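**Q** Structure in structure tokens, see below.
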Amino acid sequence: MVARPADVVKVAEHGWLQRGESFHRIFERRPGYLASTVAGRTSVPHTPVNPVPKCTQEVSETYLKPSELTARGDHLGDEWVHDSGIRGWASAADGGRLAVQVADVLAAGNGYAWLVATDQRIAVVIPARFVDLPPHQIPPPAPLPGLNTSLITWWQQPPNAVAGIRDVLLGRTIAGDPFVSIDFADGSNLLLRQ
């Protein structure tokens, strides 16, 4: 099971990383759903607006659903971060923006997809065993005990698609909740719980 960032690194080293490519960051894959505000319309949870691939594994039963309060939009500002059923929020002027594309494929991944950034690309990857592809399209699995799978790229862009990545504390508590804010060059933004 590719369940930790260290697992992603190990599997990626067996065929996914290109020669000379190295990881910049692997974004935590926290349980919960993504939400979005696209062209002024909020969706909790986020529903893909672009065509997406299909994950053969259902969403884990351990995922908490977003609260009714958050789903109705009855929260102020970033109060949604205290809803443990929400793992992140995409904001964009329209559905074609990069943050929405990422949210679409992460949502389609049913909690099994990872967002990663390398020195050569930003990508969403998923273990091959969760993808329904013809056998000739699936790379050979990494020969690793307990991680007998390969990674499939569901979405990728060059590194200049990202204007900035920063760690932020959000919420209405003194300590704040840790998130990463990914600002895309097209003006869209994705917040992910860390």
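Quick note on naming: the chains in the structure tokens go A, B, ... in the order shown, residues restart at 1 in each chain, and ligands are numbered from 1 in order of appearance.
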Using the chain letters and numbers from this document, which residues of range 5-133 of chain A does DSSP assign to alpha helix (DSSP H), as a list in words?

**A**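 Taking range 5-133 of chain A and keeping alpha helix (DSSP H) only, one gets Pro5, Ala6, Asp7, Val8, Val9, Lys10, Val11, Ala12, Glu68, Leu69, Thr70, Ala71, Arg72, Leu98, Ala99, Val100, Gln101, Val102, Ala103, Asp104, Val105, Leu106, Ala107 and Ala108 of chain A.
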
**Q** Go ahead and dump the residues you just picked, C-alpha atoms, as an mmCIF file, in the first residue's frame.

**A**
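The result, stored in again39.cif:
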data_model
loop_
_atom_site.group_PDB
_atom_site.id
_atom_site.type_symbol
_atom_site.label_atom_id
_atom_site.label_comp_id
_atom_site.auth_asym_id
_atom_site.auth_seq_id
_atom_site.Cartn_x
_atom_site.Cartn_y
_atom_site.Cartn_z
ATOM 1 C CA PRO A 5 5.244 10.021 1.294
ATOM 2 C CA ALA A 6 8.264 7.724 1.782
ATOM 3 C CA ASP A 7 6.336 4.987 -0.070
ATOM 4 C CA VAL A 8 5.699 7.344 -3.001
ATOM 5 C CA VAL A 9 9.437 8.075 -3.202
ATOM 6 C CA LYS A 10 10.365 4.381 -3.169
ATOM 7 C CA VAL A 11 7.845 3.423 -5.868
ATOM 8 C CA ALA A 12 8.646 6.503 -7.992
ATOM 9 C CA GLU A 68 -23.841 20.031 6.901
ATOM 10 C CA LEU A 69 -22.778 23.481 8.101
ATOM 11 C CA THR A 70 -19.827 23.541 5.690
ATOM 12 C CA ALA A 71 -21.836 21.972 2.864
ATOM 13 C CA ARG A 72 -24.492 24.699 3.216
ATOM 14 C CA LEU A 98 -5.094 24.489 -12.887
ATOM 15 C CA ALA A 99 -6.260 24.323 -9.251
ATOM 16 C CA VAL A 100 -9.597 22.939 -10.460
ATOM 17 C CA GLN A 101 -7.888 20.414 -12.743
ATOM 18 C CA VAL A 102 -5.841 19.175 -9.770
ATOM 19 C CA ALA A 103 -8.912 19.079 -7.503
ATOM 20 C CA ASP A 104 -10.777 17.135 -10.198
ATOM 21 C CA VAL A 105 -8.209 14.340 -10.457
ATOM 22 C CA LEU A 106 -7.552 14.228 -6.704
ATOM 23 C CA ALA A 107 -11.303 13.880 -6.125
ATOM 24 C CA ALA A 108 -11.518 11.187 -8.834
#

**Q** Hey, what does DSSP flag as strand (DSSP E) within chain A? Can you give it to me as a PyMOL selection string?

**A** chain A and resi 23-26+33-38+41-43+86-92+114-118+122-127+151-157+162-170+177-184+189-193

**Q** Using only C-alpha atoms, which of A:Gln120, A:Thr173, A:Thr153, A:Gln194 sits nearest Gly20 in chain A?

**A**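 That would be A:Gln120, the residue with the smallest distance to Gly20 in chain A.
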
**Q** In Å, how far is it from CA of Trp114 in chain A to CA of His75 in chain A?

**A**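 These two atoms are separated by 28.0 Å.
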
**Q** Name the closest residue to Tyr112 in chain A among the candidates A:Leu192, A:Ala90, A:Ile126, A:Val162; distances are taken between atoms, counting only C-alpha atoms.

**A**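 Among the listed residues, the smallest separation from Tyr112 in chain A belongs to A:Ile126.
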
**Q** Could you tell me how far CA of Pro127 in chain A lies from CA of Ser150 in chain A, in Å and to one decimal?

**A** 5.7 Å

**Q** For Ser188 in chain A, which of A:Ser91, A:Ser36, A:Thr56, A:Gln18 is the closest residue, counting only C-alpha atoms?

**A**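 Among A:Ser91, A:Ser36, A:Thr56, A:Gln18, it is A:Ser91 that comes nearest to Ser188 in chain A.
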
**Q** Quick one: residues within 10 Å of Gly77 in chain A, only C-alpha atoms counted, chain neighbours fewer than 2 positions away excluded, as an MDAnalysis selection string?

**A** chainID A and resid 73:75 79:81 170:172

**Q** As a ChimeraX atom specification, please: the residues near Gln156 in chain A (cut-off 8 Å, only C-alpha atoms, same-chain neighbours under 2 positions excluded).

**A** /A:121-124,153-154,158

**Q** What is the distance, in Å and to one decimal place, between CA of Asp177 in chain A and CA of Thr62 in chain A?

**A**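 Distance reported for this atom pair: 20.6 Å.
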
**Q** May I have the residues within 6 Å of Arg193 in chain A as a list in words, using only C-alpha atoms and disregarding those fewer than 4 positions away in the same chain?

**A**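 Neighbouring residues, sequence-local ones excluded: Arg87, Gly88 and Phe179 of chain A.
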
**Q** Quick one: residues within 10 Å of Ala142 in chain A, only C-alpha atoms counted, chain neighbours fewer than 3 positions away excluded, as a ChimeraX atom specification?

**A** /A:10-16,139,145-151

**Q** Which residue, A:Arg19, A:Arg129, A:His136, A:Arg97, has the smallest gap to Asp186 in chain A when you use only C-alpha atoms?

**A**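 Checking each candidate against Asp186 in chain A, we get A:Arg97 as the closest.
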